[in-house]
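As provided, coords_34.cif (mmCIF, C-alpha atoms) reads as follows.
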data_structure
loop_
_atom_site.label_atom_id
_atom_site.label_comp_id
_atom_site.auth_asym_id
_atom_site.auth_seq_id
_atom_site.Cartn_x
_atom_site.Cartn_y
_atom_site.Cartn_z
CA MET R 1 0.00 0.00 0.00
CA ALA R 2 2.69 2.45 0.98
CA ASN R 3 4.53 2.46 -2.35
CA GLU R 4 1.88 4.38 -4.29
CA SER R 5 3.28 7.26 -6.35
CA LEU R 6 2.61 10.80 -5.16
CA GLY R 7 0.71 11.70 -8.32
CA PHE R 8 -1.63 8.76 -7.91
CA ILE R 9 -2.28 9.57 -4.26
CA PHE R 10 -3.20 13.14 -5.19
CA LEU R 11 -5.52 12.09 -8.01
CA ASN R 12 -7.04 9.37 -5.88
CA ALA R 13 -7.92 11.76 -3.06
CA LEU R 14 -9.02 14.50 -5.47
CA VAL R 15 -11.51 12.70 -7.71
CA ILE R 16 -11.48 8.89 -7.61
CA ASN R 17 -12.19 8.57 -3.91
CA ASN R 18 -13.46 12.10 -3.44
CA PHE R 19 -13.90 12.60 0.29
CA VAL R 20 -17.36 14.08 0.07
CA LEU R 21 -18.95 12.31 -2.86
CA ALA R 22 -17.46 8.83 -2.63
CA MET R 23 -16.54 8.42 1.03
CA PHE R 24 -19.18 10.55 2.76
CA LEU R 25 -16.78 12.56 4.86
CA GLY R 26 -17.52 16.18 5.67
CA ILE R 27 -21.17 16.10 4.65
CA CYS R 28 -22.27 18.65 7.27
CA PRO R 29 -20.30 21.63 5.87
CA PHE R 30 -21.02 20.30 2.38
CA LEU R 31 -24.74 20.76 2.98
CA GLY R 32 -24.38 23.79 5.25
CA VAL R 33 -21.94 26.17 3.56
CA SER R 34 -22.60 25.39 -0.08
CA GLY R 35 -25.09 28.21 -0.58
CA LYS R 36 -22.74 30.75 -2.15
CA LYS R 37 -19.63 30.24 -4.25
CA ASP R 38 -17.38 32.74 -2.40
CA THR R 39 -18.14 31.28 1.01
CA ALA R 40 -17.75 27.78 -0.34
CA LEU R 41 -14.31 28.56 -1.76
CA ASN R 42 -13.11 30.17 1.47
CA MET R 43 -14.48 27.34 3.57
CA GLY R 44 -12.72 24.88 1.30
CA ILE R 45 -9.39 26.67 1.65
CA ALA R 46 -9.71 26.93 5.43
CA THR R 47 -10.55 23.24 5.67
CA THR R 48 -7.68 22.27 3.36
CA PHE R 49 -5.29 24.21 5.54
CA VAL R 50 -6.57 22.55 8.71
CA MET R 51 -6.31 19.17 6.98
CA PHE R 52 -2.71 19.78 5.99
CA VAL R 53 -1.64 21.01 9.43
CA SER R 54 -3.40 18.22 11.29
CA SER R 55 -2.11 15.61 8.87
CA MET R 56 1.47 16.70 9.52
CA CYS R 57 0.92 16.82 13.28
CA ALA R 58 -0.78 13.44 13.21
CA TYR R 59 2.18 11.94 11.37
CA ALA R 60 4.63 13.20 13.99
CA LEU R 61 2.32 12.18 16.80
CA ASN R 62 1.83 8.68 15.46
CA TRP R 63 5.60 8.26 15.29
CA VAL R 64 5.91 9.19 18.97
CA LEU R 65 2.97 7.00 20.01
CA VAL R 66 4.35 3.96 18.19
CA ALA R 67 7.81 4.57 19.68
CA LEU R 68 6.29 4.63 23.17
CA GLY R 69 3.94 1.71 22.45
CA ILE R 70 0.75 3.57 23.46
CA GLU R 71 -1.23 3.39 20.22
CA PHE R 72 -4.54 3.17 22.10
CA LEU R 73 -4.23 6.89 22.84
CA ARG R 74 -4.11 7.65 19.11
CA LEU R 75 -7.69 8.82 18.66
CA ILE R 76 -7.66 11.07 21.71
CA SER R 77 -4.39 12.75 20.76
CA TYR R 78 -5.44 13.23 17.12
CA ILE R 79 -8.63 15.00 18.08
CA VAL R 80 -6.79 17.31 20.49
CA VAL R 81 -4.31 18.23 17.74
CA ILE R 82 -7.13 18.95 15.31
CA ALA R 83 -8.99 21.09 17.82
CA SER R 84 -5.85 23.17 18.37
CA ALA R 85 -5.25 23.55 14.63
CA VAL R 86 -8.81 24.80 14.15
CA GLN R 87 -8.37 27.29 16.97
CA LEU R 88 -5.25 28.57 15.21
CA VAL R 89 -7.02 29.02 11.88
CA GLU R 90 -9.95 30.69 13.60
CA MET R 91 -7.70 33.28 15.26
CA PHE R 92 -5.88 33.86 11.99
CA ILE R 93 -9.06 34.46 9.97
CA LYS R 94 -10.60 36.64 12.67
CA LYS R 95 -7.50 38.86 12.57
CA THR R 96 -7.05 39.04 8.80
CA SER R 97 -10.63 39.05 7.52
CA PRO R 98 -13.50 39.77 9.94
CA ALA R 99 -16.00 39.69 7.05
CA LEU R 100 -15.01 36.15 6.12
CA PHE R 101 -15.13 35.23 9.81
CA ARG R 102 -18.76 36.31 9.98
CA ALA R 103 -19.67 34.57 6.71
CA LEU R 104 -18.33 31.22 7.87
CA GLY R 105 -20.03 31.64 11.23
CA ILE R 106 -20.61 28.54 13.27
CA TYR R 107 -19.10 26.31 10.59
CA LEU R 108 -15.58 27.53 11.36
CA PRO R 109 -15.29 26.04 14.87
CA LEU R 110 -17.21 23.06 13.55
CA ILE R 111 -14.25 22.13 11.33
CA THR R 112 -13.13 20.35 14.48
CA THR R 113 -16.02 17.95 14.09
CA ASN R 114 -15.58 17.70 10.33
CA CYS R 115 -15.04 14.00 9.83
CA ALA R 116 -12.89 14.70 6.76
CA VAL R 117 -10.15 16.14 8.97
CA LEU R 118 -10.07 13.25 11.43
CA GLY R 119 -10.57 10.94 8.45
CA ILE R 120 -7.30 12.13 6.91
CA ALA R 121 -5.40 11.38 10.10
CA VAL R 122 -7.00 7.96 10.53
CA PHE R 123 -6.60 6.89 6.89
CA GLN R 124 -3.00 7.96 6.50
CA THR R 125 -2.16 5.93 9.60
CA ALA R 126 -4.09 2.93 8.31
CA LYS R 127 -2.38 3.13 4.91
CA ASN R 128 1.11 3.58 6.38
CA TYR R 129 1.87 6.68 4.33
CA ASP R 130 5.25 8.36 4.85
CA LEU R 131 5.65 12.09 5.42
CA ALA R 132 5.60 13.19 1.74
CA GLN R 133 2.71 10.86 0.93
CA SER R 134 0.71 12.14 3.90
CA ALA R 135 1.29 15.74 2.83
CA VAL R 136 0.15 15.07 -0.74
CA TYR R 137 -2.80 13.01 0.48
CA SER R 138 -4.07 15.76 2.75
CA ILE R 139 -3.70 18.45 0.09
CA GLY R 140 -5.42 16.27 -2.51
CA ALA R 141 -8.29 15.48 -0.18
CA GLY R 142 -8.63 19.15 0.74
CA ALA R 143 -8.69 20.12 -2.93
CA GLY R 144 -11.31 17.41 -3.55
CA PHE R 145 -13.42 18.78 -0.71
CA THR R 146 -13.13 22.31 -2.11
CA LEU R 147 -14.03 21.07 -5.59
CA ALA R 148 -17.16 19.30 -4.37
CA LEU R 149 -18.19 22.31 -2.30
CA LEU R 150 -17.70 24.68 -5.25
CA LEU R 151 -19.61 22.49 -7.70
CA MET R 152 -22.46 22.19 -5.24
CA ALA R 153 -22.53 25.95 -4.58
CA GLY R 154 -22.68 26.62 -8.32
CA LEU R 155 -25.57 24.23 -8.74
CA ARG R 156 -27.46 25.66 -5.81
CA GLU R 157 -27.04 29.25 -7.03
CA LYS R 158 -28.68 28.18 -10.30
CA LEU R 159 -31.36 26.28 -8.44
CA ASP R 160 -32.41 29.38 -6.52
CA LEU R 161 -33.68 30.80 -9.82
CA ALA R 162 -35.49 27.63 -10.84
CA ASP R 163 -39.13 26.84 -10.14
CA VAL R 164 -38.96 23.98 -7.65
CA PRO R 165 -42.11 22.48 -6.06
CA SER R 166 -42.45 23.96 -2.59
CA VAL R 167 -42.19 20.54 -0.94
CA ALA R 168 -38.68 20.01 -2.32
CA ARG R 169 -37.19 23.30 -1.21
CA GLY R 170 -35.33 21.81 1.74
CA ALA R 171 -32.54 19.39 2.44
CA GLY R 172 -34.17 16.81 0.17
CA MET R 173 -33.38 18.73 -3.00
CA THR R 174 -29.79 19.39 -1.92
CA LEU R 175 -29.28 15.69 -1.24
CA MET R 176 -30.77 14.79 -4.61
CA LEU R 177 -28.24 17.12 -6.26
CA ALA R 178 -25.44 15.57 -4.22
CA GLY R 179 -26.55 12.15 -5.44
CA LEU R 180 -26.35 13.29 -9.07
CA LEU R 181 -22.88 14.76 -8.47
CA SER R 182 -21.76 11.56 -6.82
CA LEU R 183 -23.09 9.60 -9.78
CA ALA R 184 -21.02 11.78 -12.10
CA PHE R 185 -17.89 11.28 -9.99
CA MET R 186 -18.30 7.51 -10.23
CA GLY R 187 -17.09 7.95 -13.78
CA PHE R 188 -13.62 8.64 -12.38
CA ALA R 189 -13.49 5.22 -10.75
CA GLY R 190 -11.99 3.77 -13.92
CA LEU R 191 -8.89 5.96 -13.46
CA GLY R 192 -7.86 3.88 -10.47
CA GLY R 193 -7.29 0.84 -12.69
CA GLY R 194 -9.17 -1.34 -10.22
CA GLY R 195 -6.57 -0.50 -7.61
CA ASP R 196 -9.06 -0.06 -4.83
CA MET E 1 -33.50 22.73 19.59
CA SER E 2 -34.02 23.06 23.29
CA LEU E 3 -31.77 25.71 24.72
CA LEU E 4 -33.17 25.53 28.24
CA ASN E 5 -31.07 26.93 30.99
CA LYS E 6 -33.31 25.56 33.69
CA GLU E 7 -33.49 21.90 34.51
CA GLU E 8 -36.59 20.41 33.00
CA PRO E 9 -38.80 17.89 34.78
CA LEU E 10 -38.44 14.30 33.64
CA THR E 11 -41.38 13.50 31.38
CA LEU E 12 -42.14 11.02 28.65
CA ASP E 13 -41.31 13.77 26.18
CA THR E 14 -37.68 13.78 27.36
CA PHE E 15 -37.41 10.30 25.93
CA VAL E 16 -39.74 10.41 22.95
CA ARG E 17 -38.74 13.67 21.29
CA GLY E 18 -35.32 12.33 20.29
CA ILE E 19 -37.06 9.58 18.36
CA TRP E 20 -39.57 11.63 16.44
CA ARG E 21 -39.95 15.40 16.92
CA GLU E 22 -36.21 16.05 17.21
CA ASN E 23 -34.99 13.04 15.26
CA PRO E 24 -31.25 13.70 14.80
CA VAL E 25 -31.14 12.61 11.16
CA PHE E 26 -34.45 13.62 9.61
CA VAL E 27 -35.26 16.77 11.58
CA THR E 28 -32.06 18.37 12.84
CA VAL E 29 -29.94 16.95 9.98
CA LEU E 30 -26.98 16.01 12.16
CA GLY E 31 -24.61 13.07 11.87
CA MET E 32 -24.95 12.81 8.12
CA CYS E 33 -21.59 11.15 7.45
CA PRO E 34 -22.18 7.82 9.21
CA THR E 35 -25.81 7.95 8.13
CA LEU E 36 -24.79 7.78 4.50
CA ALA E 37 -21.60 5.79 4.73
CA VAL E 38 -22.49 2.67 6.68
CA THR E 39 -26.10 2.10 5.66
CA ASN E 40 -25.43 -0.17 2.70
CA SER E 41 -26.79 -3.08 4.73
CA ALA E 42 -29.25 -3.34 7.59
CA THR E 43 -26.73 -5.17 9.79
CA ASN E 44 -24.15 -2.41 9.41
CA ALA E 45 -26.80 0.21 10.08
CA ILE E 46 -27.89 -1.39 13.33
CA SER E 47 -24.34 -1.99 14.61
CA MET E 48 -23.41 1.61 13.89
CA GLY E 49 -26.59 2.82 15.58
CA LEU E 50 -25.92 0.79 18.72
CA ALA E 51 -22.26 1.82 18.88
CA THR E 52 -23.30 5.47 18.63
CA LEU E 53 -26.02 4.95 21.24
CA PHE E 54 -23.44 3.55 23.65
CA VAL E 55 -21.01 6.43 23.17
CA LEU E 56 -23.82 8.98 23.35
CA LEU E 57 -25.15 7.55 26.60
CA CYS E 58 -21.81 7.10 28.40
CA SER E 59 -20.21 10.38 27.38
CA ASN E 60 -23.29 12.47 28.04
CA VAL E 61 -23.89 10.95 31.46
CA LEU E 62 -20.29 11.76 32.33
CA VAL E 63 -20.63 15.29 30.92
CA SER E 64 -23.75 15.78 33.01
CA MET E 65 -21.98 14.52 36.15
CA LEU E 66 -19.07 16.86 35.55
CA ARG E 67 -21.14 19.83 34.43
CA LYS E 68 -20.34 21.85 37.55
CA VAL E 69 -16.64 20.97 37.45
CA ILE E 70 -15.71 21.71 33.83
CA PRO E 71 -14.84 25.40 33.29
CA LYS E 72 -16.89 27.04 30.55
CA GLU E 73 -13.86 28.11 28.49
CA VAL E 74 -12.53 24.62 27.86
CA ARG E 75 -15.81 22.73 27.80
CA ILE E 76 -15.78 21.74 24.12
CA ALA E 77 -12.26 20.35 24.36
CA SER E 78 -13.17 18.45 27.53
CA TYR E 79 -16.31 16.98 25.95
CA ILE E 80 -14.40 15.83 22.93
CA VAL E 81 -11.73 14.11 25.01
CA LEU E 82 -14.46 12.31 26.98
CA ILE E 83 -16.16 11.24 23.76
CA ALA E 84 -12.87 10.09 22.22
CA SER E 85 -12.18 7.88 25.24
CA PHE E 86 -15.50 6.08 24.91
CA VAL E 87 -15.06 5.70 21.17
CA THR E 88 -11.72 4.02 21.81
CA VAL E 89 -13.54 1.61 24.14
CA VAL E 90 -16.16 0.85 21.48
CA ASP E 91 -13.49 0.48 18.82
CA TYR E 92 -11.66 -2.22 20.76
CA ALA E 93 -14.91 -3.85 21.93
CA ILE E 94 -16.28 -4.29 18.40
CA GLN E 95 -12.93 -5.63 17.26
CA ALA E 96 -13.17 -8.24 20.02
CA ILE E 97 -16.83 -9.15 19.45
CA SER E 98 -17.05 -9.38 15.66
CA LEU E 99 -14.17 -8.88 13.29
CA GLU E 100 -16.61 -9.00 10.38
CA VAL E 101 -18.58 -5.99 11.57
CA TYR E 102 -15.33 -4.22 12.42
CA GLU E 103 -14.08 -4.58 8.88
CA ALA E 104 -17.43 -3.55 7.36
CA LEU E 105 -17.65 -0.36 9.42
CA GLY E 106 -13.95 0.39 9.02
CA ALA E 107 -12.73 3.84 9.97
CA PHE E 108 -16.28 4.97 10.67
CA ILE E 109 -16.14 3.51 14.17
CA GLN E 110 -13.31 5.88 15.05
CA LEU E 111 -15.15 8.67 13.29
CA ILE E 112 -17.99 8.43 15.84
CA VAL E 113 -15.86 10.98 17.73
CA VAL E 114 -16.81 13.64 15.23
CA ASN E 115 -20.48 12.69 15.00
CA CYS E 116 -22.12 16.06 15.61
CA ILE E 117 -25.11 14.45 17.35
CA ILE E 118 -23.00 13.52 20.37
CA LEU E 119 -21.27 16.87 20.78
CA GLY E 120 -24.55 18.64 20.02
CA ARG E 121 -26.38 16.76 22.79
CA ALA E 122 -23.51 17.37 25.22
CA GLU E 123 -23.55 21.10 24.54
CA ALA E 124 -27.30 21.65 24.28
CA TYR E 125 -28.56 19.19 26.86
CA ALA E 126 -26.15 17.28 29.08
CA SER E 127 -24.26 20.39 30.20
CA ARG E 128 -27.43 21.80 31.74
CA GLN E 129 -29.54 18.86 32.90
CA THR E 130 -29.46 16.24 35.63
CA VAL E 131 -27.84 12.86 35.12
CA VAL E 132 -31.14 10.95 34.96
CA ASN E 133 -32.68 13.33 32.40
CA THR E 134 -29.54 13.17 30.31
CA ALA E 135 -29.48 9.38 30.34
CA VAL E 136 -33.14 9.17 29.29
CA ASN E 137 -32.73 11.80 26.58
CA SER E 138 -29.54 10.21 25.24
CA ILE E 139 -31.19 6.81 24.95
CA GLY E 140 -34.10 8.41 23.11
CA THR E 141 -31.83 10.26 20.70
CA GLY E 142 -29.71 7.14 20.18
CA ILE E 143 -32.78 5.06 19.35
CA GLY E 144 -33.96 7.79 16.99
CA PHE E 145 -30.60 7.70 15.25
CA THR E 146 -30.60 3.89 15.05
CA LEU E 147 -34.11 3.87 13.58
CA ALA E 148 -33.14 6.47 10.99
CA LEU E 149 -30.09 4.41 9.99
CA LEU E 150 -32.28 1.35 9.77
CA CYS E 151 -34.74 3.20 7.50
CA LEU E 152 -31.91 3.81 5.05
CA GLY E 153 -30.18 0.48 5.53
CA VAL E 154 -33.29 -1.60 4.90
CA VAL E 155 -34.22 0.23 1.70
CA ARG E 156 -30.69 0.12 0.35
CA GLU E 157 -30.10 -3.54 1.17
CA VAL E 158 -33.43 -4.76 -0.18
CA LEU E 159 -33.15 -2.83 -3.43
CA GLY E 160 -29.40 -3.15 -3.86
CA ALA E 161 -28.88 -6.81 -3.01
CA GLY E 162 -32.36 -8.31 -2.64
CA THR E 163 -31.60 -9.37 0.92
CA LEU E 164 -32.46 -8.21 4.43
CA PHE E 165 -30.01 -8.85 7.29
CA GLY E 166 -28.22 -11.15 4.84
CA VAL E 167 -31.34 -13.29 4.21
CA ARG E 168 -32.68 -13.29 0.65
CA ILE E 169 -36.23 -11.91 0.57
CA LEU E 170 -36.73 -11.03 -3.07
CA PRO E 171 -36.97 -13.80 -5.73
CA GLU E 172 -33.81 -14.92 -7.54
CA GLN E 173 -34.97 -13.34 -10.80
CA PHE E 174 -34.82 -9.90 -9.20
CA GLN E 175 -31.99 -7.96 -10.81
CA PRO E 176 -30.22 -6.23 -7.89
CA TRP E 177 -30.17 -2.48 -8.19
CA VAL E 178 -26.45 -2.14 -7.45
CA LEU E 179 -26.59 1.65 -7.59
CA MET E 180 -28.32 1.59 -4.21
CA LEU E 181 -25.20 0.16 -2.55
CA LEU E 182 -22.95 2.77 -4.16
CA PRO E 183 -22.44 6.23 -2.63
CA ALA E 184 -24.89 7.87 -5.02
CA GLY E 185 -27.64 5.50 -3.86
CA GLY E 186 -27.13 6.65 -0.28
CA PHE E 187 -27.75 10.24 -1.26
CA PHE E 188 -30.83 9.31 -3.28
CA VAL E 189 -32.44 7.19 -0.56
CA LEU E 190 -31.85 9.83 2.12
CA ALA E 191 -33.21 12.48 -0.25
CA GLY E 192 -36.27 10.31 -0.80
CA TRP E 193 -36.95 9.97 2.94
CA MET E 194 -36.45 13.72 3.45
CA LEU E 195 -38.87 14.55 0.66
CA LEU E 196 -41.42 12.12 2.09
CA ILE E 197 -41.19 13.71 5.55
CA ASP E 198 -41.33 17.24 4.12
CA TRP E 199 -44.36 16.27 2.10
CA MET E 200 -46.11 14.85 5.16
CA ASN E 201 -45.38 17.99 7.17
CA HIS E 202 -46.65 20.15 4.33
CA ARG E 203 -49.87 18.20 4.14
CA LYS E 204 -50.40 18.46 7.86
CA GLU E 205 -49.83 22.22 7.77
CA ARG E 206 -52.20 22.66 4.87
CA LYS E 207 -54.87 20.63 6.60
CA ALA E 208 -54.49 22.71 9.76
CA LEU E 209 -54.76 25.88 7.68
CA GLU E 210 -57.86 24.61 5.89
CA GLN E 211 -59.50 23.71 9.16
CA GLU E 212 -58.73 27.13 10.55
CA GLY E 213 -60.14 28.71 7.40
CA ALA E 214 -63.28 26.58 7.68
CA THR E 215 -63.96 27.62 11.27
CA VAL E 216 -63.41 31.29 10.44
CA HIS E 217 -65.73 30.91 7.50
CA GLY E 218 -68.36 29.16 9.64
CA GLN E 219 -68.52 32.10 12.02
#
Could you render the structure as structure tokens?
Amino acid sequence: MANESLGFIFLNALVINNFVLAMFLGICPFLGVSGKKDTALNMGIATTFVMFVSSMCAYALNWVLVALGIEFLRLISYIVVIASAVQLVEMFIKKTSPALFRALGIYLPLITTNCAVLGIAVFQTAKNYDLAQSAVYSIGAGAGFTLALLLMAGLREKLDLADVPSVARGAGMTLMLAGLLSLAFMGFAGLGGGGD
Amino acid sequence: MSLLNKEEPLTLDTFVRGIWRENPVFVTVLGMCPTLAVTNSATNAISMGLATLFVLLCSNVLVSMLRKVIPKEVRIASYIVLIASFVTVVDYAIQAISLEVYEALGAFIQLIVVNCIILGRAEAYASRQTVVNTAVNSIGTGIGFTLALLCLGVVREVLGAGTLFGVRILPEQFQPWVLMLLPAGGFFVLAGWMLLIDWMNHRKERKALEQEGATVHGQ
């Protein structure tokens, strides 16, 4: 598993096993912040950054835990690292762009409970990725998340102008769209060459 | 969402509302990731539901016990550490009980940590209510979550494989609708349930409006 090339890992995380559409990670922000394209893009970038930082920290942490033989503390230490990384990003955004801070609202601290972030840490450990592979994997997954969020936001902006039956104006319609997107992304599965 | 600051009396509603009126999946739309990811068979759905129920119950009871001890500033971090500990317990327990289930659920057992239902209940309920209330409410919410997962799991397994809990229930000639087991199918089935519930709510509202109109007209 661990001898996959960097390019393949990136492509795999970006489209073939897209975190949102194929693996169902990070659905909450996907449904919550995909109303407008700007917000979606910024949310995607913030999440990608958190993913990258926590992936790197998780790699170092795992090395220490294995060296000490206390792997059962893995989950607890990962989540603490992620929570700190989110706090860091939150302070940074608040300082540099208060408008963006308000737009992201509650979803910013909720990156902590975004399963995509913890998912990265758990998967890279399970797949025995080395440092470079982990870095590429987290960036690819973050880019995939951003891509899905952007596509969804574009679709929903168009949908606002369409004449939808009043019953379907809720989460149901959004999920239906997500299903169609996911169906489209299944087309990328062939790129993996049956690897997964 | 109940944002009560006062302790509420223990009533039947404490238990029931998590199942129906505040169903975590269909009404408050929380915990979507496991809902979609592990419901490709009814067995997976029920194991995930029970695992979540266990974590929800244990961590929220502990949160409620410690609610006067945990400082407000670090409460979220404390909750999440408590939750992570119980998830670790569940992770090892499932591995010991059934390796098959463990492999089917995969990383999603560890990802129970970031299930927003648990943190949401801890923040909105357990941090303000007594231990008994919290336990009752957590069990209700957990059952609501399990039932919602089962709703999806049953539909997807029957249509996607023609079986239910691994037992064949549709005739051999039935061509399995494999799409239902794939990620896209999960989205579609959940969307279907949501639309159904929205439609029912709409009808109820319209009926209530009509009745109101009729009485006004009658006077």
Go through R:Leu65, R:Cys57, R:Ala178, R:Ala132 and flag the residue nearest chain E, using all atoms listed in the file for the distances.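 Using all atoms listed in the file, the shortest distance to chain E belongs to R:Ala178.
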Once you count only C-alpha atoms, which residues of chain R turn out to be within 8 Å of chain E? Could you give them as number ranges by chain? R: 21-28, 72, 75-76, 79-80, 83, 112-115, 118-119, 122-123, 167-168, 170-176, 178-183
Identify the residues around (-21.1, 22.9, 34.1) within a radius of 12 Å, measuring from all atoms listed in the file in the coordinates stated by the file, and give them as a list of chain:residue names.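 Taken together, the residues in range are E:Asn5, E:Leu62, E:Val63, E:Ser64, E:Met65, E:Leu66, E:Arg67, E:Lys68, E:Val69, E:Ile70, E:Pro71, E:Lys72, E:Glu73, E:Val74, E:Arg75, E:Ile76, E:Ser78, E:Tyr79, E:Ala122, E:Glu123, E:Ala124, E:Tyr125, E:Ala126, E:Ser127, E:Arg128, E:Gln129, E:Thr130.
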Generate a file of the selected residues that holds C-alpha atoms, formatted as a compact mmCIF listing (two decimals), in the frame of the given file.
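Contents of the output file selection-v4.txt:
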# COMPACT_ATOMS: atom_id res chain seq x y z
CA ASN E 5 -31.07 26.93 30.99
CA LEU E 62 -20.29 11.76 32.33
CA VAL E 63 -20.63 15.29 30.92
CA SER E 64 -23.75 15.78 33.01
CA MET E 65 -21.98 14.52 36.15
CA LEU E 66 -19.07 16.86 35.55
CA ARG E 67 -21.14 19.83 34.43
CA LYS E 68 -20.34 21.85 37.55
CA VAL E 69 -16.64 20.97 37.45
CA ILE E 70 -15.71 21.71 33.83
CA PRO E 71 -14.84 25.40 33.29
CA LYS E 72 -16.89 27.04 30.55
CA GLU E 73 -13.86 28.11 28.49
CA VAL E 74 -12.53 24.62 27.86
CA ARG E 75 -15.81 22.73 27.80
CA ILE E 76 -15.78 21.74 24.12
CA SER E 78 -13.17 18.45 27.53
CA TYR E 79 -16.31 16.98 25.95
CA ALA E 122 -23.51 17.37 25.22
CA GLU E 123 -23.55 21.10 24.54
CA ALA E 124 -27.30 21.65 24.28
CA TYR E 125 -28.56 19.19 26.86
CA ALA E 126 -26.15 17.28 29.08
CA SER E 127 -24.26 20.39 30.20
CA ARG E 128 -27.43 21.80 31.74
CA GLN E 129 -29.54 18.86 32.90
CA THR E 130 -29.46 16.24 35.63
Interatomic distance between atom CA of R:Ala58 and atom CA of R:Ile120?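 We find that atom CA of R:Ala58 and atom CA of R:Ile120 lie 9.2 Å from each other.
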One number please: atom CA of E:Leu147 to atom CA of E:Glu7, in Å, one decimal. 27.6 Å
In Å, with one decimal, what is the gap from atom CA of R:Phe10 to atom CA of R:Leu147?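 Separating atom CA of R:Phe10 from atom CA of R:Leu147 is a distance of 13.4 Å.
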Applying the PyMOL selection byres ((chain E and resi 10) around 6) to the file I just gave you, which residues come out? Please list them as an MDAnalysis selection string. chainID E and resid 9 11 133
Can you tell me, as a list of chain:residue names, what residues are no more than 7 Å from E:Asn40 when counting all atoms listed in the file, ignoring any on the same chain fewer than 6 positions away? E:Gly153, E:Arg156, E:Glu157, E:Leu181
Point out the residue among R:Thr39, R:Asn12, R:Ala141, R:Ile93 with the least atom-to-atom distance to R:Ala121, counting only C-alpha atoms. R:Ala141
Which of these, E:Gly144, E:Gly18, E:Gly106, E:Gly162, has the shortest distance to E:Pro176 once you count all atoms listed in the file?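 The closest residue to E:Pro176 is E:Gly162.
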I need the output of the PyMOL selection byres ((chain R and resi 160) around 12) for this file as an mmCIF file with C-alpha atoms, keeping the file's coordinate frame; which residues are they?
data_model
loop_
_atom_site.group_PDB
_atom_site.id
_atom_site.type_symbol
_atom_site.label_atom_id
_atom_site.label_comp_id
_atom_site.auth_asym_id
_atom_site.auth_seq_id
_atom_site.Cartn_x
_atom_site.Cartn_y
_atom_site.Cartn_z
ATOM 1 C CA GLY R 35 -25.090 28.210 -0.580
ATOM 2 C CA LYS R 36 -22.740 30.750 -2.150
ATOM 3 C CA ALA R 153 -22.530 25.950 -4.580
ATOM 4 C CA GLY R 154 -22.680 26.620 -8.320
ATOM 5 C CA LEU R 155 -25.570 24.230 -8.740
ATOM 6 C CA ARG R 156 -27.460 25.660 -5.810
ATOM 7 C CA GLU R 157 -27.040 29.250 -7.030
ATOM 8 C CA LYS R 158 -28.680 28.180 -10.300
ATOM 9 C CA LEU R 159 -31.360 26.280 -8.440
ATOM 10 C CA LEU R 161 -33.680 30.800 -9.820
ATOM 11 C CA ALA R 162 -35.490 27.630 -10.840
ATOM 12 C CA ASP R 163 -39.130 26.840 -10.140
ATOM 13 C CA VAL R 164 -38.960 23.980 -7.650
ATOM 14 C CA PRO R 165 -42.110 22.480 -6.060
ATOM 15 C CA ARG R 169 -37.190 23.300 -1.210
ATOM 16 C CA GLY R 170 -35.330 21.810 1.740
ATOM 17 C CA MET R 173 -33.380 18.730 -3.000
ATOM 18 C CA THR R 174 -29.790 19.390 -1.920
#
Going by the chain IDs and residue numbers used in this file, which residues fall under the PyMOL selection byres ((chain E and resi 19) around 12)? Write them as a PyMOL selection string. chain E and resi 12-18+20-28+136-148
Within 8 Å of stretch 164-170 of chain E, counting only C-alpha atoms, which residues qualify if same-chain residues fewer than 6 places away don't, as a PyMOL selection string? chain E and resi 41-43+154+157-158
Give as a list in words every residue, naming chains and numbers as the document does, that has an atom within 7 Å of (-2.8, 20.8, 13.6), counting only C-alpha atoms.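 Checking each residue against the 7 Å limit leaves Val50, Val53, Ser54, Cys57, Val81, Ile82, Ser84 and Ala85 of chain R.
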Which of these residues is nearest to E:Leu105, using all atoms listed in the file: E:Val55, E:Val155, E:Ala161, E:Ile46?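 Closest candidate: E:Ile46.
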Please provide as an mmCIF file with C-alpha atoms, in the frame of the given file all residues within 10 Å of R:Val15, with the sequence filter that same-chain residues fewer than 2 positions apart are discarded (counting only C-alpha atoms).
data_model
loop_
_atom_site.group_PDB
_atom_site.id
_atom_site.type_symbol
_atom_site.label_atom_id
_atom_site.label_comp_id
_atom_site.auth_asym_id
_atom_site.auth_seq_id
_atom_site.Cartn_x
_atom_site.Cartn_y
_atom_site.Cartn_z
ATOM 1 C CA PHE R 10 -3.200 13.140 -5.190
ATOM 2 C CA LEU R 11 -5.520 12.090 -8.010
ATOM 3 C CA ASN R 12 -7.040 9.370 -5.880
ATOM 4 C CA ALA R 13 -7.920 11.760 -3.060
ATOM 5 C CA ASN R 17 -12.190 8.570 -3.910
ATOM 6 C CA ASN R 18 -13.460 12.100 -3.440
ATOM 7 C CA PHE R 19 -13.900 12.600 0.290
ATOM 8 C CA VAL R 20 -17.360 14.080 0.070
ATOM 9 C CA LEU R 21 -18.950 12.310 -2.860
ATOM 10 C CA ALA R 22 -17.460 8.830 -2.630
ATOM 11 C CA GLY R 140 -5.420 16.270 -2.510
ATOM 12 C CA ALA R 141 -8.290 15.480 -0.180
ATOM 13 C CA ALA R 143 -8.690 20.120 -2.930
ATOM 14 C CA GLY R 144 -11.310 17.410 -3.550
ATOM 15 C CA PHE R 145 -13.420 18.780 -0.710
ATOM 16 C CA LEU R 147 -14.030 21.070 -5.590
ATOM 17 C CA ALA R 148 -17.160 19.300 -4.370
ATOM 18 C CA PHE R 185 -17.890 11.280 -9.990
ATOM 19 C CA MET R 186 -18.300 7.510 -10.230
ATOM 20 C CA GLY R 187 -17.090 7.950 -13.780
ATOM 21 C CA PHE R 188 -13.620 8.640 -12.380
ATOM 22 C CA ALA R 189 -13.490 5.220 -10.750
ATOM 23 C CA LEU R 191 -8.890 5.960 -13.460
ATOM 24 C CA GLY R 192 -7.860 3.880 -10.470
#
